[in-house]
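Colleague: Quick one, work28.txt (compact mmCIF, C-alpha atoms):
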```txt
# COMPACT_ATOMS: atom_id res chain seq x y z
CA MET Y 1 -5.22 -11.88 -12.49
CA CYS Y 2 -7.29 -12.01 -9.31
CA LEU Y 3 -4.76 -14.31 -7.71
CA ALA Y 4 -3.26 -13.21 -4.40
CA VAL Y 5 -0.08 -14.66 -2.87
CA PRO Y 6 0.91 -15.08 0.78
CA GLY Y 7 3.82 -13.20 2.36
CA LYS Y 8 5.15 -12.57 5.87
CA ILE Y 9 5.58 -9.08 7.33
CA LEU Y 10 9.19 -8.26 8.22
CA SER Y 11 8.57 -4.70 9.37
CA VAL Y 12 5.88 -2.04 9.33
CA SER Y 13 6.80 1.51 8.35
CA ASP Y 14 5.67 4.35 10.58
CA ALA Y 15 6.29 6.95 7.87
CA GLN Y 16 3.25 9.04 6.91
CA GLU Y 17 1.99 7.47 3.71
CA GLY Y 18 -1.45 9.06 3.47
CA PRO Y 19 -4.21 6.76 2.20
CA LEU Y 20 -1.64 4.14 1.06
CA GLY Y 21 -0.36 3.67 4.57
CA PRO Y 22 0.60 2.00 6.67
CA THR Y 23 3.04 0.06 4.52
CA ALA Y 24 5.05 -3.03 5.33
CA LEU Y 25 8.12 -4.78 4.03
CA VAL Y 26 6.89 -8.28 3.18
CA ASP Y 27 8.87 -11.43 2.43
CA PHE Y 28 7.59 -13.59 -0.44
CA GLN Y 29 9.78 -16.70 -0.35
CA GLY Y 30 12.91 -14.55 -0.46
CA SER Y 31 11.64 -11.58 -2.46
CA ARG Y 32 11.14 -8.50 -0.29
CA ILE Y 33 8.44 -6.14 -1.46
CA GLU Y 34 6.77 -3.08 0.02
CA VAL Y 35 3.06 -3.70 0.48
CA SER Y 36 0.24 -1.34 1.42
CA LEU Y 37 -1.70 -2.29 4.56
CA ALA Y 38 -4.50 0.17 3.80
CA MET Y 39 -7.05 -2.68 3.84
CA THR Y 40 -5.49 -4.58 6.76
CA PRO Y 41 -4.27 -1.83 9.12
CA GLU Y 42 -4.27 -4.23 12.07
CA ALA Y 43 -1.40 -6.28 10.58
CA LYS Y 44 1.88 -6.35 12.50
CA PRO Y 45 5.40 -7.75 12.02
CA GLY Y 46 5.38 -11.55 11.88
CA ASP Y 47 1.84 -11.71 10.52
CA TRP Y 48 1.06 -13.50 7.27
CA LEU Y 49 -0.84 -11.66 4.56
CA LEU Y 50 -2.54 -12.46 1.30
CA VAL Y 51 -1.28 -9.84 -1.13
CA HIS Y 52 -2.74 -8.79 -4.48
CA ALA Y 53 -1.27 -6.10 -6.74
CA GLY Y 54 0.80 -4.54 -3.97
CA PHE Y 55 -2.01 -4.47 -1.39
CA ALA Y 56 -2.70 -6.88 1.46
CA ILE Y 57 -6.33 -8.05 1.18
CA THR Y 58 -6.52 -10.23 4.30
CA LEU Y 59 -4.47 -11.79 7.11
CA LEU Y 60 -3.81 -15.54 7.11
CA ASP Y 61 -2.57 -17.98 9.69
CA GLU Y 62 0.87 -19.43 9.05
CA ALA Y 63 -0.27 -22.97 8.31
CA GLU Y 64 -2.72 -21.72 5.67
CA ALA Y 65 -0.09 -19.39 4.20
CA LEU Y 66 2.46 -22.20 3.79
CA ALA Y 67 -0.18 -24.55 2.39
CA THR Y 68 -1.23 -21.85 -0.06
CA TRP Y 69 2.32 -21.55 -1.39
CA GLU Y 70 2.43 -25.27 -2.07
CA THR Y 71 -0.98 -25.14 -3.69
CA LEU Y 72 -0.05 -22.27 -5.95
CA ARG Y 73 3.11 -23.98 -7.09
CA ILE Y 74 1.21 -27.10 -8.07
CA ALA Y 75 -1.84 -25.35 -9.41
CA LEU Y 76 -0.11 -22.71 -11.48
CA GLY Y 77 3.50 -23.80 -11.98
CA ASP Y 78 5.17 -21.40 -14.36
CA ASP Y 79 2.14 -19.13 -14.37
CA LEU Y 80 2.66 -18.26 -10.72
CA GLU Y 81 3.71 -14.63 -10.67
CA LEU Y 82 5.85 -13.71 -7.69
CA PRO Y 83 5.34 -10.05 -6.85
CA GLY Y 84 9.09 -9.48 -6.98
CA ALA Y 85 9.51 -11.24 -10.30
CA GLN Y 86 7.71 -8.49 -12.16
CA PRO Y 87 9.89 -6.21 -14.23
CA ARG Y 88 10.45 -2.83 -12.73
CA PRO Y 89 8.36 -0.30 -14.59
CA ALA Y 90 10.50 1.58 -17.04
CA VAL Y 91 9.59 4.83 -18.71
CA GLU Y 92 11.86 6.43 -21.22
CA SER Y 93 11.30 10.13 -21.34
CA MET L 94 -9.33 -32.38 4.19
CA PRO L 95 -10.75 -35.72 2.90
CA ALA L 96 -8.59 -37.88 0.66
CA VAL L 97 -8.80 -37.23 -3.06
CA PRO L 98 -9.90 -40.74 -4.14
CA ALA L 99 -12.72 -40.70 -1.58
CA LEU L 100 -13.85 -37.28 -2.78
CA ALA L 101 -13.73 -38.38 -6.41
CA ALA L 102 -15.83 -41.46 -5.56
CA GLU L 103 -18.38 -39.38 -3.68
CA ILE L 104 -18.60 -36.95 -6.60
CA ALA L 105 -19.16 -39.83 -9.02
CA ASP L 106 -21.96 -41.20 -6.79
CA LEU L 107 -23.61 -37.79 -6.54
CA VAL L 108 -23.48 -37.24 -10.31
CA ALA L 109 -25.00 -40.70 -10.79
CA ALA L 110 -27.74 -39.75 -8.32
CA CYS L 111 -28.59 -36.71 -10.47
CA ALA L 112 -29.48 -39.13 -13.30
CA ARG L 113 -28.75 -36.43 -15.85
CA PRO L 114 -25.70 -34.49 -17.04
CA VAL L 115 -24.71 -31.74 -14.60
CA THR L 116 -22.96 -28.49 -15.56
CA VAL L 117 -20.84 -26.53 -13.12
CA MET L 118 -19.47 -23.13 -14.17
CA GLU L 119 -16.31 -21.61 -12.76
CA VAL L 120 -15.99 -17.85 -12.94
CA CYS L 121 -12.32 -17.42 -12.15
CA GLY L 122 -9.44 -17.74 -14.59
CA THR L 123 -7.23 -19.20 -11.88
CA HIS L 124 -9.76 -21.99 -11.32
CA THR L 125 -9.82 -22.62 -15.08
CA VAL L 126 -6.06 -23.23 -15.06
CA SER L 127 -5.96 -25.02 -11.71
CA LEU L 128 -8.72 -27.48 -12.65
CA PHE L 129 -6.45 -28.63 -15.47
CA ARG L 130 -3.08 -28.52 -13.74
CA THR L 131 -4.09 -30.29 -10.53
CA GLY L 132 -5.67 -33.10 -12.53
CA ALA L 133 -9.13 -32.30 -11.13
CA ARG L 134 -10.72 -32.52 -14.58
CA SER L 135 -9.42 -36.03 -15.16
CA LEU L 136 -10.87 -37.19 -11.81
CA LEU L 137 -14.42 -36.09 -12.57
CA PRO L 138 -17.06 -38.38 -14.10
CA ALA L 139 -18.23 -37.90 -17.69
CA GLY L 140 -21.67 -36.78 -16.50
CA LEU L 141 -20.17 -33.68 -14.90
CA ARG L 142 -19.36 -30.87 -17.28
CA LEU L 143 -17.09 -28.03 -16.22
CA LEU L 144 -17.75 -24.82 -18.06
CA SER L 145 -15.67 -21.63 -17.90
CA GLY L 146 -17.60 -18.42 -17.44
CA PRO L 147 -16.67 -14.73 -17.54
CA GLY L 148 -13.80 -15.03 -15.04
CA CYS L 149 -10.79 -13.62 -16.84
CA PRO L 150 -10.64 -9.81 -16.52
CA VAL L 151 -8.71 -9.28 -19.71
CA CYS L 152 -11.04 -11.57 -21.66
CA VAL L 153 -14.24 -9.77 -20.59
CA THR L 154 -12.84 -6.31 -21.38
CA SER L 155 -14.67 -4.91 -24.39
CA GLN L 156 -12.86 -4.13 -27.60
CA GLY L 157 -14.03 -0.52 -27.21
CA TYR L 158 -12.04 -0.22 -23.97
CA LEU L 159 -8.93 -1.63 -25.57
CA ASP L 160 -9.22 0.67 -28.57
CA ALA L 161 -9.59 3.68 -26.24
CA ALA L 162 -6.44 2.56 -24.40
CA CYS L 163 -4.58 2.30 -27.71
CA ALA L 164 -5.85 5.74 -28.79
CA LEU L 165 -4.53 7.22 -25.53
CA ALA L 166 -1.20 5.43 -25.93
CA ALA L 167 -0.77 7.03 -29.35
CA ARG L 168 -1.10 10.56 -27.91
CA PRO L 169 2.04 12.63 -27.47
CA GLY L 170 2.83 13.26 -23.81
CA VAL L 171 0.80 10.29 -22.54
CA THR L 172 2.33 7.29 -20.77
CA ILE L 173 0.12 4.25 -20.26
CA ALA L 174 0.65 2.06 -17.20
CA THR L 175 -0.97 -1.36 -17.35
CA TYR L 176 -1.01 -4.81 -15.82
CA GLY L 177 0.98 -7.09 -18.11
CA ASP L 178 -2.02 -9.20 -19.15
CA MET L 179 -3.38 -6.34 -21.28
CA MET L 180 -0.28 -5.87 -23.42
CA ARG L 181 -0.86 -8.50 -26.07
CA VAL L 182 -4.63 -8.37 -26.44
CA PRO L 183 -5.36 -7.48 -30.06
CA GLY L 184 -7.42 -4.32 -30.43
CA SER L 185 -9.03 -3.45 -33.74
CA GLN L 186 -5.90 -1.46 -34.69
CA GLY L 187 -3.28 -3.69 -33.04
CA SER L 188 -2.14 -4.34 -29.47
CA LEU L 189 -0.50 -2.14 -26.84
CA GLU L 190 2.61 -4.24 -27.32
CA ARG L 191 2.75 -3.31 -30.98
CA LEU L 192 2.21 0.35 -30.15
CA ARG L 193 5.09 0.21 -27.71
CA GLY L 194 7.26 -1.23 -30.45
CA GLU L 195 6.29 1.75 -32.57
CA GLY L 196 7.44 4.16 -29.87
CA ALA L 197 4.41 4.65 -27.59
CA GLU L 198 5.27 4.97 -23.91
CA ILE L 199 3.70 2.01 -22.13
CA ALA L 200 4.88 0.71 -18.77
CA VAL L 201 3.93 -2.67 -17.35
CA VAL L 202 3.24 -2.33 -13.63
CA PHE L 203 2.52 -4.80 -10.88
CA SER L 204 0.42 -2.39 -8.82
CA ALA L 205 -1.67 0.74 -9.29
CA ARG L 206 0.73 2.27 -6.75
CA ASP L 207 3.58 1.86 -9.22
CA ALA L 208 1.53 3.76 -11.80
CA LEU L 209 1.03 6.64 -9.36
CA ARG L 210 4.73 6.59 -8.49
CA LEU L 211 5.58 6.90 -12.20
CA ALA L 212 3.24 9.89 -12.47
CA ARG L 213 5.00 11.60 -9.58
CA GLU L 214 8.44 10.82 -10.98
CA HIS L 215 7.48 12.18 -14.40
CA PRO L 216 5.45 15.36 -13.83
CA GLU L 217 6.06 16.37 -17.45
CA ARG L 218 3.94 13.43 -18.68
CA GLU L 219 0.29 12.45 -18.34
CA LEU L 220 0.11 8.99 -16.77
CA VAL L 221 -3.00 6.93 -17.58
CA PHE L 222 -3.50 3.70 -15.62
CA LEU L 223 -5.62 0.97 -17.22
CA ALA L 224 -7.85 0.11 -14.26
CA VAL L 225 -9.09 -3.39 -15.11
CA GLY L 226 -9.83 -6.38 -12.92
CA PHE L 227 -12.58 -7.74 -10.71
CA GLU L 228 -13.41 -7.04 -7.07
CA THR L 229 -9.99 -8.30 -5.88
CA THR L 230 -8.20 -5.62 -7.87
CA ALA L 231 -10.57 -2.65 -7.54
CA PRO L 232 -9.59 -1.75 -3.94
CA ALA L 233 -5.97 -1.19 -5.06
CA THR L 234 -7.18 1.33 -7.65
CA ALA L 235 -9.46 3.03 -5.11
CA VAL L 236 -6.72 3.49 -2.51
CA THR L 237 -4.31 4.73 -5.19
CA LEU L 238 -6.85 7.35 -6.33
CA LEU L 239 -7.38 8.44 -2.71
CA ALA L 240 -3.61 8.84 -2.45
CA ALA L 241 -3.43 10.78 -5.73
CA ALA L 242 -6.20 13.11 -4.55
CA ALA L 243 -4.58 13.61 -1.13
CA ALA L 244 -1.23 14.44 -2.73
CA GLY L 245 -2.77 16.72 -5.35
CA VAL L 246 -1.28 14.75 -8.25
CA THR L 247 -2.66 16.33 -11.43
CA ASN L 248 -0.96 14.23 -14.14
CA PHE L 249 -2.53 10.91 -13.13
CA SER L 250 -5.79 9.44 -14.40
CA ILE L 251 -7.39 6.03 -14.95
CA LEU L 252 -9.29 4.43 -17.80
CA PRO L 253 -12.11 2.88 -15.75
CA GLY L 254 -12.63 -0.80 -16.59
CA HIS L 255 -13.23 -2.62 -13.30
CA LYS L 256 -15.89 -5.30 -13.45
CA LEU L 257 -18.19 -6.90 -10.88
CA VAL L 258 -18.60 -10.64 -11.23
CA ILE L 259 -22.01 -11.17 -9.65
CA PRO L 260 -24.01 -8.95 -12.07
CA ALA L 261 -22.36 -10.88 -14.93
CA MET L 262 -23.39 -14.22 -13.41
CA ALA L 263 -26.92 -12.84 -13.00
CA ALA L 264 -26.97 -11.61 -16.62
CA LEU L 265 -25.89 -15.06 -17.86
CA LEU L 266 -28.64 -16.73 -15.86
CA ALA L 267 -31.25 -14.17 -16.90
CA ALA L 268 -30.39 -14.72 -20.58
CA GLY L 269 -31.00 -18.42 -19.98
CA GLU L 270 -28.99 -19.57 -22.98
CA VAL L 271 -26.43 -21.57 -21.03
CA PRO L 272 -27.63 -24.36 -18.75
CA VAL L 273 -25.73 -23.96 -15.47
CA ASP L 274 -26.56 -26.12 -12.45
CA GLY L 275 -24.16 -24.46 -10.01
CA PHE L 276 -21.27 -22.06 -9.67
CA LEU L 277 -17.74 -22.61 -8.38
CA CYS L 278 -17.22 -19.12 -6.95
CA PRO L 279 -13.87 -17.33 -7.15
CA GLY L 280 -11.66 -17.63 -4.06
CA HIS L 281 -9.80 -14.35 -3.99
CA VAL L 282 -12.67 -12.21 -5.26
CA SER L 283 -14.55 -13.67 -2.29
CA VAL L 284 -11.81 -12.59 0.14
CA VAL L 285 -12.89 -9.03 -0.65
CA ILE L 286 -16.67 -9.31 -1.18
CA GLY L 287 -17.34 -12.27 1.15
CA ALA L 288 -19.14 -15.56 0.53
CA ASP L 289 -22.51 -13.99 1.37
CA ALA L 290 -22.22 -11.75 -1.69
CA PHE L 291 -23.24 -14.77 -3.82
CA ARG L 292 -26.55 -15.21 -2.00
CA PRO L 293 -28.50 -13.33 -4.71
CA ILE L 294 -27.36 -16.01 -7.18
CA ALA L 295 -28.33 -18.85 -4.84
CA GLU L 296 -31.53 -17.34 -3.46
CA GLY L 297 -32.63 -15.16 -6.39
CA PHE L 298 -31.88 -17.61 -9.20
CA GLY L 299 -32.00 -20.88 -7.28
CA LYS L 300 -28.46 -21.81 -8.32
CA PRO L 301 -26.15 -23.56 -5.84
CA CYS L 302 -22.89 -21.70 -5.15
CA ALA L 303 -19.66 -22.87 -3.49
CA VAL L 304 -16.66 -20.67 -2.81
CA ALA L 305 -13.48 -22.58 -3.60
CA GLY L 306 -9.76 -22.24 -3.07
CA PHE L 307 -7.31 -23.38 -5.72
CA GLU L 308 -5.91 -26.66 -4.40
CA LEU L 309 -7.15 -30.01 -5.69
CA GLU L 310 -8.91 -31.10 -2.49
CA GLY L 311 -10.46 -27.68 -1.97
CA MET L 312 -11.91 -27.57 -5.49
CA LEU L 313 -13.24 -31.13 -5.16
CA VAL L 314 -14.81 -30.32 -1.78
CA ALA L 315 -16.55 -27.34 -3.40
CA ILE L 316 -17.75 -29.43 -6.35
CA ARG L 317 -19.06 -32.06 -3.92
CA ALA L 318 -20.88 -29.31 -1.99
CA LEU L 319 -22.54 -28.15 -5.22
CA LEU L 320 -23.62 -31.69 -6.11
CA VAL L 321 -25.05 -32.29 -2.63
CA GLN L 322 -27.19 -29.18 -3.12
CA ILE L 323 -28.20 -30.17 -6.65
CA VAL L 324 -29.23 -33.68 -5.57
CA ALA L 325 -31.21 -32.27 -2.65
CA GLY L 326 -32.84 -29.63 -4.84
CA GLN L 327 -31.41 -26.85 -2.65
CA ALA L 328 -29.59 -23.63 -3.47
CA ARG L 329 -27.37 -21.85 -0.95
CA VAL L 330 -23.82 -20.55 -0.69
CA ASP L 331 -21.35 -23.07 0.77
CA ASN L 332 -17.96 -21.72 1.77
CA ALA L 333 -15.38 -24.39 0.92
CA TYR L 334 -12.47 -21.97 1.52
CA PRO L 335 -13.22 -20.94 5.12
CA ALA L 336 -9.60 -20.54 6.22
CA VAL L 337 -9.27 -17.55 3.89
CA VAL L 338 -12.77 -16.36 2.96
CA SER L 339 -15.26 -15.00 5.50
CA ALA L 340 -18.99 -14.53 5.09
CA ALA L 341 -18.71 -10.75 5.02
CA GLY L 342 -15.36 -10.35 3.23
CA ASN L 343 -12.96 -7.48 3.84
CA ARG L 344 -15.51 -4.77 4.60
CA ARG L 345 -12.85 -2.10 4.87
CA ALA L 346 -11.56 -2.89 1.37
CA TRP L 347 -15.04 -2.68 -0.12
CA GLU L 348 -15.81 0.56 1.75
CA LEU L 349 -12.65 2.04 0.21
CA VAL L 350 -13.90 0.99 -3.23
CA LEU L 351 -17.30 2.56 -2.62
CA SER L 352 -15.76 5.79 -1.36
CA VAL L 353 -14.26 6.34 -4.82
CA PHE L 354 -16.52 4.37 -7.16
CA GLU L 355 -20.19 3.56 -7.50
CA PRO L 356 -21.68 0.63 -9.43
CA GLY L 357 -22.40 1.68 -13.01
CA ASP L 358 -23.62 0.06 -16.21
CA ASP L 359 -20.69 -1.37 -18.13
CA ALA L 360 -20.02 -3.05 -21.46
CA TRP L 361 -18.58 -6.58 -21.43
CA ARG L 362 -17.05 -8.31 -24.41
CA ALA L 363 -19.88 -9.76 -26.49
CA MET L 364 -22.26 -9.63 -23.52
CA GLY L 365 -23.20 -6.00 -24.11
CA VAL L 366 -24.00 -3.50 -21.38
CA ILE L 367 -24.85 -5.20 -18.08
CA PRO L 368 -26.62 -3.03 -15.47
CA ALA L 369 -24.49 -2.06 -12.43
CA SER L 370 -21.72 -4.45 -13.50
CA GLY L 371 -18.85 -1.95 -13.51
CA LEU L 372 -17.38 0.71 -11.26
CA ALA L 373 -17.88 4.35 -12.26
CA LEU L 374 -15.95 7.15 -10.57
CA ARG L 375 -18.00 9.18 -8.12
CA GLU L 376 -18.57 12.84 -8.95
CA ARG L 377 -15.72 14.16 -6.82
CA PHE L 378 -13.23 11.75 -8.43
CA ARG L 379 -14.46 12.17 -11.99
CA HIS L 380 -11.55 14.43 -12.93
CA PHE L 381 -9.42 11.27 -12.68
CA ASP L 382 -11.36 9.72 -15.59
CA ALA L 383 -9.03 9.70 -18.60
CA ARG L 384 -12.07 9.79 -20.91
CA GLU L 385 -13.05 13.21 -19.56
CA ARG L 386 -9.50 14.48 -19.47
CA PHE L 387 -8.64 13.51 -23.04
CA GLY L 388 -12.05 13.44 -24.68
CA VAL L 389 -11.94 9.77 -25.64
CA THR L 390 -14.92 7.42 -25.61
CA PHE L 391 -15.35 3.66 -25.61
CA GLY L 392 -16.08 2.68 -29.22
CA PRO L 393 -18.01 -0.35 -30.47
CA ASP L 394 -17.26 -3.87 -29.29
CA VAL L 395 -16.11 -5.20 -32.68
CA HIS L 396 -14.48 -8.62 -32.70
CA PRO L 397 -11.89 -10.21 -34.99
CA PRO L 398 -13.62 -12.19 -37.77
CA GLY L 399 -14.17 -15.80 -36.75
CA CYS L 400 -13.08 -15.29 -33.12
CA LEU L 401 -15.39 -16.99 -30.62
CA CYS L 402 -13.95 -15.42 -27.44
CA GLY L 403 -17.24 -13.65 -26.81
CA GLU L 404 -19.08 -17.00 -26.81
CA VAL L 405 -16.33 -18.79 -24.87
CA ILE L 406 -16.44 -16.35 -21.93
CA GLN L 407 -20.19 -16.95 -21.65
CA GLY L 408 -19.86 -20.72 -21.77
CA LYS L 409 -21.79 -20.79 -25.08
CA ALA L 410 -18.85 -22.26 -26.96
CA SER L 411 -15.85 -24.38 -26.08
CA PRO L 412 -12.44 -23.35 -27.44
CA ALA L 413 -12.54 -26.42 -29.68
CA ASP L 414 -15.71 -25.05 -31.34
CA CYS L 415 -13.67 -22.12 -32.72
CA ALA L 416 -12.31 -22.63 -36.23
CA LEU L 417 -9.29 -20.49 -35.35
CA PHE L 418 -8.35 -22.45 -32.20
CA ALA L 419 -4.82 -23.90 -32.27
CA GLY L 420 -4.48 -23.07 -35.96
CA GLU L 421 -4.63 -19.38 -36.74
CA CYS L 422 -4.92 -18.56 -33.04
CA THR L 423 -2.21 -19.76 -30.64
CA PRO L 424 -0.60 -18.28 -27.50
CA LEU L 425 2.27 -17.01 -29.67
CA ALA L 426 -0.04 -15.42 -32.24
CA PRO L 427 -3.33 -14.83 -30.42
CA VAL L 428 -6.38 -13.57 -32.30
CA GLY L 429 -8.61 -13.07 -29.25
CA PRO L 430 -8.05 -12.29 -25.56
CA CYS L 431 -8.92 -15.77 -24.29
CA MET L 432 -5.74 -17.05 -25.98
CA VAL L 433 -3.61 -14.16 -24.66
CA SER L 434 -4.08 -14.23 -20.92
CA SER L 435 -2.49 -17.23 -19.20
CA GLU L 436 -5.81 -17.68 -17.40
CA GLY L 437 -7.89 -17.31 -20.54
CA THR L 438 -10.01 -20.37 -21.33
CA CYS L 439 -8.50 -20.87 -24.80
CA ALA L 440 -4.93 -20.59 -23.50
CA ALA L 441 -5.70 -23.16 -20.78
CA TRP L 442 -7.29 -25.55 -23.31
CA TYR L 443 -4.39 -25.02 -25.70
CA ARG L 444 -1.81 -25.87 -23.07
CA TYR L 445 -3.58 -28.60 -21.11
CA GLY L 446 -6.83 -29.59 -22.75
CA ARG L 447 -5.18 -30.90 -25.90
CA LEU L 448 -2.93 -33.11 -23.77
CA MET L 449 -5.97 -34.56 -22.03
CA ALA L 450 -7.70 -35.19 -25.34
CA LYS L 451 -4.58 -36.96 -26.61
CA ALA L 452 -4.35 -39.07 -23.45
CA ARG L 453 -7.94 -40.21 -23.98
CA GLU L 454 -7.39 -41.26 -27.60
```
What is this file in structure tokens?
Modeller:
Amino acid sequence: MCLAVPGKILSVSDAQEGPLGPTALVDFQGSRIEVSLAMTPEAKPGDWLLVHAGFAITLLDEAEALATWETLRIALGDDLELPGAQPRPAVES
Amino acid sequence: MPAVPALAAEIADLVAACARPVTVMEVCGTHTVSLFRTGARSLLPAGLRLLSGPGCPVCVTSQGYLDAACALAARPGVTIATYGDMMRVPGSQGSLERLRGEGAEIAVVFSARDALRLAREHPERELVFLAVGFETTAPATAVTLLAAAAAGVTNFSILPGHKLVIPAMAALLAAGEVPVDGFLCPGHVSVVIGADAFRPIAEGFGKPCAVAGFELEGMLVAIRALLVQIVAGQARVDNAYPAVVSAAGNRRAWELVLSVFEPGDDAWRAMGVIPASGLALRERFRHFDARERFGVTFGPDVHPPGCLCGEVIQGKASPADCALFAGECTPLAPVGPCMVSSEGTCAAWYRYGRLMAKARE
């Protein structure tokens, strides 16, 4: 559950997001997810991030990011949870 | 990175130089799984024992927490939002999954932010987020609570269950019941708290520590670093994941955590209350505590009869020591949390350990 996955920033939003902001659209091997940069506010488009539960926890260099993907595939296989592969939360009310 | 066969040979030489069995504990569920899947376990000499410690957030969550979550889920008007790992853990009255089948409103979310979004989309409901996880996960909860406070969201609360890994390691060592020669320290927890955070374990308890990533070579490099320390009779923190983990960690992330939470005594499954091992909401955020809002409390930490999860997470028992393992308790019909979570020690042994045992026969 403490696993973080690498993704690359496509764009950074300049909308006012309060404490959650800034936010970025991040590419995870084809899945595009909005990520909070609250803990890495220095991140900019093109940067690689390590993302956990919708929040970037650190920046990475590209070589390490690509190596990490390979590692995670081997190390976790089917257990690797892509952020975009999670079901959308559904509430019936 | 050195070649794997060379690393394995060096590790074998170092274990031989110890002239006694050596025990290394990993305190990260992802390491537990990765040590199997990468084949690391099969490369290590018989004199080196790998032991899983309290590294799976779902597994260390006390039964009292889970029962409180189930009690909240059963309340009219309450929606529970939770990370998926919690769904199938059996509480004393059944799991969240079962409650959902019976009509309770429970949403699986990927982020605390999604839980807050649900609260804002459904102002007619009370949204309770199950805030579990170690230091990697706590900053996400903290920032989400800051956002909820800033936006004046009144129908959002959390059931506080975040845990701190170092006080648990210290409690295990202080109890002295499990012989541990060194710790393989969790990679992504360390991104947040920094490698230096483990110095109290190395310097205070004299136990070698090495921060490790999750790839085969990285884990072997960390294990070698531990053995070098053990042979030399030293104890320090080696960072074997330097491309990702810094000495100080992400200070900003931890400051955000400490702006919302403060370390508080917390109950762990079977380990009891460990001083300053959890995160309690600070006074000005206490109205976000679902226990205060709904008048629920964490009940006793009662375990299913025969289940050894409490011993397994402390390294006192191996999954194979449990009479329920792979018989009454399987990933499809789990009795305890270590068989539920994909990174639980029992689930990892069920899926991979039995194969290894078979291969050895």
Colleague: Report the distance between atom CA of L:Gly342 and atom CA of L:Glu296 in Å, rounded to one decimal place.
Modeller: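 Separation of atom CA of L:Gly342 and atom CA of L:Glu296: 18.8 Å.
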Colleague: Could you give me the centre and size, in Å to one decimal, of an axis-aligned box around all listed atoms of stretch 319-331 of chain L with 4 Å added on every side, as AutoDock Vina command-line options?
Modeller:
```
--center_x -27.1 --center_y -27.1 --center_z -2.9 --size_x 19.5 --size_y 21.1 --size_z 15.4
```
Colleague: I need the residue nearest chain L from this list: Y:Leu20, Y:Ala43, Y:Ala65, Y:Leu25. Use all atoms listed in the file for the distance.
Modeller: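 Going through Y:Leu20, Y:Ala43, Y:Ala65, Y:Leu25 one by one, the smallest distance to chain L is for Y:Leu20.
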Colleague: From the set Y:Arg32, Y:Trp69, Y:Asp47, Y:Phe55, which residue has the shortest atom-to-atom contact distance to chain L, counting all atoms listed in the file?
Modeller: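 Between Y:Arg32, Y:Trp69, Y:Asp47, Y:Phe55, the residue approaching chain L most closely is Y:Phe55.
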Colleague: In Å, how far is it from atom CA of L:Leu257 to atom CA of L:Leu372?
Modeller: 7.7 Å
Colleague: Residues near Y:Ala4, anyone? I mean within 10 Å using only C-alpha atoms, not counting same-chain ones fewer than 3 positions away, as JSON, numbers by chain.
Modeller: {"Y": [1, 7, 49, 50, 51, 52, 53, 54, 55, 56, 57, 58, 68, 72, 81, 82, 83], "L": [229, 230, 280, 281, 282, 284]}
Colleague: Hey, can you check how far atom CA of L:Ser250 sits from atom CA of L:Glu348?
Modeller: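 A separation of 21.0 Å between them.
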Colleague: With only C-alpha atoms as the atoms that count, which of L:Cys152, L:Arg210, L:Thr175, L:Ala243 lies nearest to L:Leu223?
Modeller: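 Of L:Cys152, L:Arg210, L:Thr175, L:Ala243, the one nearest L:Leu223, counting only C-alpha atoms, is L:Thr175.
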Colleague: I need the chain L residues near chain Y as a list in words; criterion: at most 6 Å, counting all atoms listed in the file.
Modeller: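 The contacting residues on chain L are Ser127, Arg130, Thr131, Ala200, Val201, Val202, Phe203, Ser204, Thr229, Ala240, Glu308, Arg345 and Ala346 of chain L.
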Colleague: May I ask which of the residues L:Met118, L:Pro95, L:Gln156, L:Ala410 is the closest one to L:Gly429, counting only C-alpha atoms?
Modeller: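 The answer is L:Gln156, which sits nearest to L:Gly429.
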Colleague: Let me make sure I understand: among L:Pro301, L:Gly187, L:Pro427, L:Gly403, which one has the smallest atom-to-atom distance to L:Phe276 if we use only C-alpha atoms?
Modeller: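 Going through L:Pro301, L:Gly187, L:Pro427, L:Gly403 one by one, the smallest distance to L:Phe276 is for L:Pro301.
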Colleague: Counting all atoms listed in the file, which residue out of L:Val314, L:Ala328, L:Ile199, L:Leu265 sits closest to L:Cys302?
Modeller: L:Ala328
Colleague: Residues near L:His124, anyone? I mean within 9 Å using all atoms listed in the file, not counting same-chain ones fewer than 2 positions away, as a list in words.
Modeller: Ala75 of chain Y; Glu119, Val120, Cys121, Gly122, Val126, Ser127, Leu128, Phe129, Ser145, Gly148, Leu277, Pro279, Gly280, Ala305, Gly306, Phe307, Met312 and Glu436 of chain L
Colleague: Compile the contact shell of stretch 160-170 of chain L as number ranges by chain: residues with an atom at most 10 Å away, counting only C-alpha atoms, same-chain residues fewer than 2 positions apart removed.
Modeller: Y: 93; L: 155-158, 172-175, 179, 183-193, 195-199, 217-223, 252, 383-384, 387-395
Colleague: I'd like the neighbourhood of L:Ile406 as number ranges by chain, where a residue qualifies if any of its atoms comes within 7 Å (using only C-alpha atoms), though same-chain residues fewer than 2 positions away should be ignored.
Modeller: L: 145-147, 402-404, 408
Colleague: Would you mind listing what lies within 8 Å of Y:Ser11 as a list of chain:residue names, with all atoms listed in the file counted and same-chain residues fewer than 5 positions away left out?
Modeller: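 Counting only the stated atoms, we get Y:Ala24, Y:Leu25, Y:Val26, Y:Lys44, Y:Pro45, Y:Gly46.
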Colleague: Step by step: start from the point (-25.3, -2.5, -15.5) in the file's coordinates, keep every protein, DNA or RNA residue that has an atom no farther than 12 Å from it, count only C-alpha atoms, and write the set as an MDAnalysis selection string.
Modeller: chainID L and resid 256:261 263:264 355:361 364:373
Colleague: Which residues, protein or nucleic acid, reach to within 7 Å of (6.6, 2.2, 9.0) in the file's coordinates when using all atoms listed in the file, and can you give that as an MDAnalysis selection string?
Modeller: chainID Y and resid 12:15 22:24
